[in-house]
>>> print(open('structure.cif').read())   # mmCIF, C-alpha atoms
data_protein
#
loop_
_atom_site.label_atom_id
_atom_site.label_comp_id
_atom_site.auth_asym_id
_atom_site.auth_seq_id
_atom_site.Cartn_x
_atom_site.Cartn_y
_atom_site.Cartn_z
CA MET V 58 0.00 0.00 0.00
CA THR V 59 1.20 3.49 -0.82
CA LYS V 60 1.73 5.80 2.17
CA GLY V 61 -1.33 7.87 3.01
CA LEU V 62 -3.68 5.96 0.73
CA ALA V 63 -5.81 3.09 1.89
CA TYR V 64 -7.46 0.77 -0.61
CA LEU V 65 -8.78 -2.77 -0.78
CA ILE V 66 -8.05 -5.34 -3.46
CA GLN V 67 -11.27 -7.29 -4.06
CA PRO V 68 -11.38 -10.68 -5.80
CA MET V 69 -14.60 -11.86 -7.40
CA PRO V 70 -17.36 -11.99 -4.75
CA GLY V 71 -17.65 -15.37 -3.04
CA GLU V 72 -21.43 -15.47 -3.44
CA THR V 73 -21.08 -15.12 -7.21
CA LEU V 74 -18.64 -18.02 -7.32
CA ALA V 75 -20.78 -20.15 -5.02
CA GLY V 76 -23.76 -19.74 -7.32
CA VAL V 77 -21.81 -20.67 -10.43
CA ARG V 78 -20.19 -23.64 -8.66
CA ARG V 79 -23.61 -24.94 -7.57
CA GLY V 80 -24.56 -25.27 -11.21
CA GLY V 81 -25.89 -21.79 -11.72
CA LEU V 82 -25.60 -19.83 -14.91
CA ASP V 83 -23.03 -17.15 -15.66
CA ALA V 84 -23.71 -13.48 -16.42
CA SER V 85 -24.63 -14.42 -19.99
CA GLY V 86 -27.09 -17.11 -18.89
CA GLN V 87 -24.76 -19.95 -19.85
CA PRO V 88 -23.50 -22.85 -17.73
CA PRO V 89 -19.81 -22.63 -16.78
CA GLN V 90 -17.28 -24.71 -18.68
CA ARG V 91 -15.32 -27.17 -16.58
CA LEU V 92 -11.72 -27.74 -17.59
CA THR V 93 -8.31 -28.74 -16.32
CA ALA V 94 -5.72 -25.97 -16.00
CA GLU V 95 -2.83 -25.98 -18.42
CA GLY V 96 -1.08 -23.67 -15.97
CA GLY V 97 -0.94 -19.89 -15.88
CA GLU V 98 -4.67 -19.16 -16.07
CA PRO V 99 -5.37 -16.10 -13.86
CA LEU V 100 -7.74 -17.21 -11.09
CA ARG V 101 -10.22 -14.55 -9.94
CA CYS V 102 -11.07 -16.42 -6.71
CA CYS V 103 -7.61 -16.40 -5.12
CA LEU V 104 -5.79 -13.88 -7.35
CA ARG V 105 -2.98 -16.14 -8.48
CA ASP V 106 -2.12 -18.13 -11.58
CA ALA V 107 -3.39 -21.71 -11.84
CA THR V 108 -1.07 -24.67 -11.58
CA ALA V 109 -1.29 -27.31 -14.32
CA GLY V 110 -3.84 -29.97 -13.44
CA GLU V 111 -6.11 -27.87 -11.19
CA PRO V 112 -9.85 -28.24 -11.90
CA LEU V 113 -11.21 -24.90 -13.13
CA LEU V 114 -14.35 -23.14 -14.24
CA LEU V 115 -14.45 -20.75 -17.19
CA PHE V 116 -17.50 -18.51 -17.34
CA GLY V 117 -18.81 -15.07 -18.24
CA TYR V 118 -18.67 -12.51 -15.44
CA ALA V 119 -20.01 -8.97 -15.08
CA PRO V 120 -18.00 -7.13 -12.38
CA PRO V 121 -20.10 -5.20 -9.85
CA LEU V 122 -21.13 -1.89 -11.35
CA PRO V 123 -24.48 -0.13 -11.47
CA ALA V 124 -26.55 -1.22 -14.47
CA GLY V 125 -25.67 0.87 -17.49
CA PRO V 126 -23.73 1.04 -20.74
CA TYR V 127 -20.31 0.54 -19.11
CA ARG V 128 -21.18 -2.81 -17.51
CA GLU V 129 -19.34 -5.56 -19.37
CA VAL V 130 -19.37 -9.34 -19.41
CA GLY V 131 -16.08 -11.13 -19.98
CA PRO V 132 -14.48 -14.52 -19.48
CA VAL V 133 -12.90 -15.43 -16.14
CA PHE V 134 -11.25 -18.50 -14.59
CA ALA V 135 -11.86 -19.68 -11.03
CA HIS V 136 -11.32 -22.87 -9.06
CA ASP V 137 -14.06 -25.45 -9.62
CA ALA V 138 -14.13 -26.25 -5.88
CA ASP V 139 -14.36 -23.95 -2.88
CA CYS V 140 -11.31 -21.72 -2.56
CA PRO V 141 -10.16 -19.86 0.56
CA GLY V 142 -9.41 -16.73 -1.46
CA PRO V 143 -6.14 -14.82 -1.71
CA ASP V 144 -3.23 -15.91 0.50
CA ARG V 145 -2.79 -12.28 1.49
CA PRO V 146 -5.98 -10.40 2.39
CA THR V 147 -4.50 -7.00 1.52
CA GLY V 148 -2.11 -5.56 -1.02
CA TYR V 149 -1.52 -6.11 -4.68
CA PRO V 150 -1.60 -9.80 -5.73
CA PRO V 151 2.04 -10.96 -5.54
CA ASP V 152 1.71 -13.44 -8.42
CA TRP V 153 0.58 -10.64 -10.71
CA ARG V 154 3.24 -8.09 -9.77
CA GLY V 155 5.25 -7.30 -12.87
CA ARG V 156 2.35 -8.19 -15.18
CA PRO V 157 1.11 -5.29 -17.31
CA GLN V 158 -2.49 -4.41 -16.52
CA VAL V 159 -5.00 -1.71 -17.32
CA LEU V 160 -6.63 0.04 -14.39
CA ARG V 161 -10.02 1.51 -15.34
CA ALA V 162 -11.47 4.18 -13.08
CA TYR V 163 -15.25 4.30 -12.52
CA ASP V 164 -17.42 6.88 -10.78
CA ARG V 165 -20.37 6.11 -8.49
CA ARG V 166 -22.70 5.85 -11.50
CA GLY V 167 -20.50 3.14 -13.00
CA ARG V 168 -19.15 5.31 -15.80
CA ILE V 169 -15.53 5.22 -16.89
CA VAL V 170 -13.79 8.43 -15.77
CA GLY V 171 -10.21 7.52 -16.61
CA GLY V 172 -7.69 4.78 -16.49
CA ARG V 173 -4.10 3.88 -16.97
CA LEU V 174 -1.90 1.15 -18.36
CA HIS V 175 0.81 0.10 -15.93
CA ASP V 176 3.70 -2.31 -16.37
CA GLY V 177 3.14 -4.04 -13.02
CA GLY V 178 6.37 -2.71 -11.53
CA ASP V 179 4.76 -0.21 -9.15
CA PRO V 180 0.99 -0.73 -9.35
CA GLU V 181 0.47 0.98 -5.98
CA ARG V 182 1.69 4.27 -7.44
CA VAL V 183 -0.80 4.07 -10.31
CA ILE V 184 -3.62 3.05 -7.94
CA ALA V 185 -2.79 6.03 -5.70
CA GLU V 186 -2.74 8.45 -8.63
CA LEU V 187 -6.12 7.25 -9.92
CA LEU V 188 -7.78 7.17 -6.49
CA ALA V 189 -6.48 10.71 -5.77
CA ASP V 190 -9.27 11.94 -8.07
CA PRO V 191 -12.36 12.37 -5.86
CA ALA V 192 -14.60 11.48 -8.83
CA VAL V 193 -13.17 7.94 -8.83
CA ASP V 194 -15.24 5.48 -6.82
CA ARG V 195 -13.47 2.22 -7.77
CA LEU V 196 -10.95 0.71 -10.15
CA HIS V 197 -11.06 -2.47 -12.17
CA SER V 198 -7.83 -4.21 -13.11
CA ARG V 199 -8.07 -5.66 -16.61
CA ASN V 200 -5.90 -8.02 -18.61
CA VAL V 201 -4.04 -6.04 -21.28
CA VAL V 202 -4.41 -8.58 -24.09
CA TYR V 203 -7.88 -10.01 -23.48
CA GLY V 204 -9.50 -7.10 -21.63
CA CYS V 205 -11.10 -9.38 -19.04
CA PHE V 206 -11.65 -8.40 -15.42
CA MET V 207 -8.92 -9.39 -12.94
CA PHE V 208 -9.97 -7.74 -9.64
CA ALA V 209 -11.45 -4.55 -8.21
CA VAL V 210 -9.77 -1.86 -6.15
CA ALA V 211 -12.03 -0.04 -3.69
CA ARG V 212 -11.70 2.57 -1.03
CA PRO V 213 -12.10 1.21 2.51
CA GLY V 214 -15.73 0.90 3.53
CA ALA V 215 -16.86 0.52 -0.09
#
>>> encode(input="structure.cif", output="structure tokens")
Amino acid sequence: MTKGLAYLIQPMPGETLAGVRRGGLDASGQPPQRLTAEGGEPLRCCLRDATAGEPLLLFGYAPPLPAGPYREVGPVFAHDADCPGPDRPTGYPPDWRGRPQVLRAYDRRGRIVGGRLHDGGDPERVIAELLADPAVDRLHSRNVVYGCFMFAVARPGA
């Protein structure tokens, strides 16, 4: 965490995963695909890369935002079985440090109000710069190549 700035890294909500794991449908109304990890798939439940052989789910996910034109559905990977979540409850995911990401900034209405590409070397600095804007309510980290949601960044109490 950057000095003077508090924020929370939020993986995909557990209740969303529980519903999909119980045989529910994804955000597009489709059943999840079950597959075996090849290794390296970014897991949205525990914020690390999958190890080859792990049972996974692949499904469409709409990150929490108010309904509106900026709400997107994209593919995500998660463990097929219950997962305890990230090893570290706070701070930037260590497995993803050094990985280029896009941080999209959203306001309270769920509209994009900015963003930044970062190389993963000092993501806390970029998070701090974006959250310094009082119009920014939350950030979404997105994969640079595929554009899919990785995790959210929120202010404490959000």
>>> resolve_selection(input="structure.cif", expression="the PyMOL selection byres ((chain V and resi 145) around 12)", output="ChimeraX atom specification")
/V:65-68,103-105,141-144,146-152
>>> atom_distance(input="structure.cif", atom1="atom CA of V:Leu160", atom2="atom CA of V:Pro123")
18.1 Å
>>> closest_atom_pairs(input="structure.cif", of="stretch 125-177 of chain V", to="stretch 188-199 of chain V", cutoff="9 Å", atoms="all atoms listed in the file", output="Markdown table")
| residue | atom | partner | partner_atom | distance |
| --- | --- | --- | --- | --- |
| V:Gln158 | CA | V:Arg199 | CA | 5.7 |
| V:Val159 | CA | V:Arg199 | CA | 5.1 |
| V:Leu160 | CA | V:Ser198 | CA | 4.6 |
| V:Arg161 | CA | V:His197 | CA | 5.2 |
| V:Ala162 | CA | V:Leu196 | CA | 4.6 |
| V:Tyr163 | CA | V:Arg195 | CA | 5.5 |
| V:Asp164 | CA | V:Asp194 | CA | 4.7 |
| V:Arg165 | CA | V:Asp194 | CA | 5.4 |
| V:Arg166 | CA | V:Asp194 | CA | 8.8 |
| V:Gly167 | CA | V:Asp194 | CA | 8.4 |
| V:Ile169 | CA | V:Val193 | CA | 8.8 |
| V:Val170 | CA | V:Val193 | CA | 7.0 |
| V:Gly171 | CA | V:Val193 | CA | 8.3 |
| V:Gly172 | CA | V:Leu196 | CA | 8.2 |
>>> resolve_selection(input="structure.cif", expression="the PyMOL selection byres ((chain V and resi 95-102) around 8)", output="list of chain:residue names")
V:Pro68, V:Met69, V:Pro70, V:Gly71, V:Leu74, V:Thr93, V:Ala94, V:Cys103, V:Leu104, V:Arg105, V:Asp106, V:Ala107, V:Thr108, V:Ala109, V:Gly110, V:Val133, V:Phe134, V:Ala135, V:His136, V:Cys140, V:Gly142, V:Pro143, V:Met207, V:Phe208
>>> resolve_selection(input="structure.cif", expression="the PyMOL selection byres ((chain V and resi 86) around 12)", output="ChimeraX atom specification")
/V:77,80-85,87-89,116-119,130
>>> atom_distance(input="structure.cif", atom1="atom CA of V:Cys205", atom2="atom CA of V:Tyr127")
13.5 Å
>>> build_atoms(input="structure.cif", residues="stretch 143-169 of chain V", atoms="N, CA and C atoms", output="PDB file, in the frame of the given file")
ATOM      1  N   PRO V 143      -7.556 -15.183  -1.641  1.00  0.00           N
ATOM      2  CA  PRO V 143      -6.140 -14.820  -1.710  1.00  0.00           C
ATOM      3  C   PRO V 143      -5.372 -15.214  -0.455  1.00  0.00           C
ATOM      4  N   ASP V 144      -4.103 -15.598  -0.643  1.00  0.00           N
ATOM      5  CA  ASP V 144      -3.230 -15.910   0.500  1.00  0.00           C
ATOM      6  C   ASP V 144      -3.034 -14.702   1.392  1.00  0.00           C
ATOM      7  N   ARG V 145      -2.951 -13.535   0.760  1.00  0.00           N
ATOM      8  CA  ARG V 145      -2.790 -12.280   1.490  1.00  0.00           C
ATOM      9  C   ARG V 145      -4.076 -11.488   1.361  1.00  0.00           C
ATOM     10  N   PRO V 146      -4.709 -11.105   2.476  1.00  0.00           N
ATOM     11  CA  PRO V 146      -5.980 -10.400   2.390  1.00  0.00           C
ATOM     12  C   PRO V 146      -5.864  -8.949   1.923  1.00  0.00           C
ATOM     13  N   THR V 147      -4.660  -8.388   1.946  1.00  0.00           N
ATOM     14  CA  THR V 147      -4.500  -7.000   1.520  1.00  0.00           C
ATOM     15  C   THR V 147      -3.304  -6.907   0.567  1.00  0.00           C
ATOM     16  N   GLY V 148      -3.243  -5.818  -0.131  1.00  0.00           N
ATOM     17  CA  GLY V 148      -2.110  -5.560  -1.020  1.00  0.00           C
ATOM     18  C   GLY V 148      -2.300  -6.135  -2.401  1.00  0.00           C
ATOM     19  N   TYR V 149      -1.468  -5.693  -3.286  1.00  0.00           N
ATOM     20  CA  TYR V 149      -1.520  -6.110  -4.680  1.00  0.00           C
ATOM     21  C   TYR V 149      -1.172  -7.599  -4.782  1.00  0.00           C
ATOM     22  N   PRO V 150      -1.882  -8.365  -5.623  1.00  0.00           N
ATOM     23  CA  PRO V 150      -1.600  -9.800  -5.730  1.00  0.00           C
ATOM     24  C   PRO V 150      -0.149 -10.075  -6.122  1.00  0.00           C
ATOM     25  N   PRO V 151       0.610 -10.763  -5.259  1.00  0.00           N
ATOM     26  CA  PRO V 151       2.040 -10.960  -5.540  1.00  0.00           C
ATOM     27  C   PRO V 151       2.318 -11.714  -6.835  1.00  0.00           C
ATOM     28  N   ASP V 152       1.474 -12.687  -7.192  1.00  0.00           N
ATOM     29  CA  ASP V 152       1.710 -13.440  -8.420  1.00  0.00           C
ATOM     30  C   ASP V 152       1.543 -12.578  -9.668  1.00  0.00           C
ATOM     31  N   TRP V 153       0.844 -11.471  -9.539  1.00  0.00           N
ATOM     32  CA  TRP V 153       0.580 -10.640 -10.710  1.00  0.00           C
ATOM     33  C   TRP V 153       1.438  -9.380 -10.741  1.00  0.00           C
ATOM     34  N   ARG V 154       2.301  -9.214  -9.754  1.00  0.00           N
ATOM     35  CA  ARG V 154       3.240  -8.090  -9.770  1.00  0.00           C
ATOM     36  C   ARG V 154       4.172  -8.273 -10.970  1.00  0.00           C
ATOM     37  N   GLY V 155       4.403  -7.223 -11.683  1.00  0.00           N
ATOM     38  CA  GLY V 155       5.250  -7.300 -12.870  1.00  0.00           C
ATOM     39  C   GLY V 155       4.480  -7.602 -14.138  1.00  0.00           C
ATOM     40  N   ARG V 156       3.198  -7.901 -14.015  1.00  0.00           N
ATOM     41  CA  ARG V 156       2.350  -8.190 -15.180  1.00  0.00           C
ATOM     42  C   ARG V 156       1.646  -6.904 -15.605  1.00  0.00           C
ATOM     43  N   PRO V 157       1.822  -6.492 -16.852  1.00  0.00           N
ATOM     44  CA  PRO V 157       1.110  -5.290 -17.310  1.00  0.00           C
ATOM     45  C   PRO V 157      -0.403  -5.474 -17.161  1.00  0.00           C
ATOM     46  N   GLN V 158      -1.050  -4.429 -16.714  1.00  0.00           N
ATOM     47  CA  GLN V 158      -2.490  -4.410 -16.520  1.00  0.00           C
ATOM     48  C   GLN V 158      -3.020  -3.032 -16.895  1.00  0.00           C
ATOM     49  N   VAL V 159      -4.302  -2.982 -17.159  1.00  0.00           N
ATOM     50  CA  VAL V 159      -5.000  -1.710 -17.320  1.00  0.00           C
ATOM     51  C   VAL V 159      -5.826  -1.507 -16.068  1.00  0.00           C
ATOM     52  N   LEU V 160      -5.755  -0.322 -15.493  1.00  0.00           N
ATOM     53  CA  LEU V 160      -6.630   0.040 -14.390  1.00  0.00           C
ATOM     54  C   LEU V 160      -7.654   1.029 -14.924  1.00  0.00           C
ATOM     55  N   ARG V 161      -8.926   0.631 -14.901  1.00  0.00           N
ATOM     56  CA  ARG V 161     -10.020   1.510 -15.340  1.00  0.00           C
ATOM     57  C   ARG V 161     -10.649   2.138 -14.111  1.00  0.00           C
ATOM     58  N   ALA V 162     -10.859   3.434 -14.176  1.00  0.00           N
ATOM     59  CA  ALA V 162     -11.470   4.180 -13.080  1.00  0.00           C
ATOM     60  C   ALA V 162     -12.954   4.408 -13.390  1.00  0.00           C
ATOM     61  N   TYR V 163     -13.800   4.131 -12.390  1.00  0.00           N
ATOM     62  CA  TYR V 163     -15.250   4.300 -12.520  1.00  0.00           C
ATOM     63  C   TYR V 163     -15.749   5.262 -11.450  1.00  0.00           C
ATOM     64  N   ASP V 164     -16.782   6.023 -11.782  1.00  0.00           N
ATOM     65  CA  ASP V 164     -17.420   6.880 -10.780  1.00  0.00           C
ATOM     66  C   ASP V 164     -18.563   6.119 -10.116  1.00  0.00           C
ATOM     67  N   ARG V 165     -19.282   6.774  -9.229  1.00  0.00           N
ATOM     68  CA  ARG V 165     -20.370   6.110  -8.490  1.00  0.00           C
ATOM     69  C   ARG V 165     -21.501   5.645  -9.396  1.00  0.00           C
ATOM     70  N   ARG V 166     -21.652   6.265 -10.555  1.00  0.00           N
ATOM     71  CA  ARG V 166     -22.700   5.850 -11.500  1.00  0.00           C
ATOM     72  C   ARG V 166     -22.276   4.653 -12.335  1.00  0.00           C
ATOM     73  N   GLY V 167     -20.991   4.251 -12.204  1.00  0.00           N
ATOM     74  CA  GLY V 167     -20.500   3.140 -13.000  1.00  0.00           C
ATOM     75  C   GLY V 167     -19.988   3.548 -14.362  1.00  0.00           C
ATOM     76  N   ARG V 168     -19.690   4.822 -14.526  1.00  0.00           N
ATOM     77  CA  ARG V 168     -19.150   5.310 -15.800  1.00  0.00           C
ATOM     78  C   ARG V 168     -17.639   5.423 -15.718  1.00  0.00           C
ATOM     79  N   ILE V 169     -16.984   5.120 -16.828  1.00  0.00           N
ATOM     80  CA  ILE V 169     -15.530   5.220 -16.890  1.00  0.00           C
ATOM     81  C   ILE V 169     -15.136   6.693 -16.852  1.00  0.00           C
TER      82      ILE V 169
END
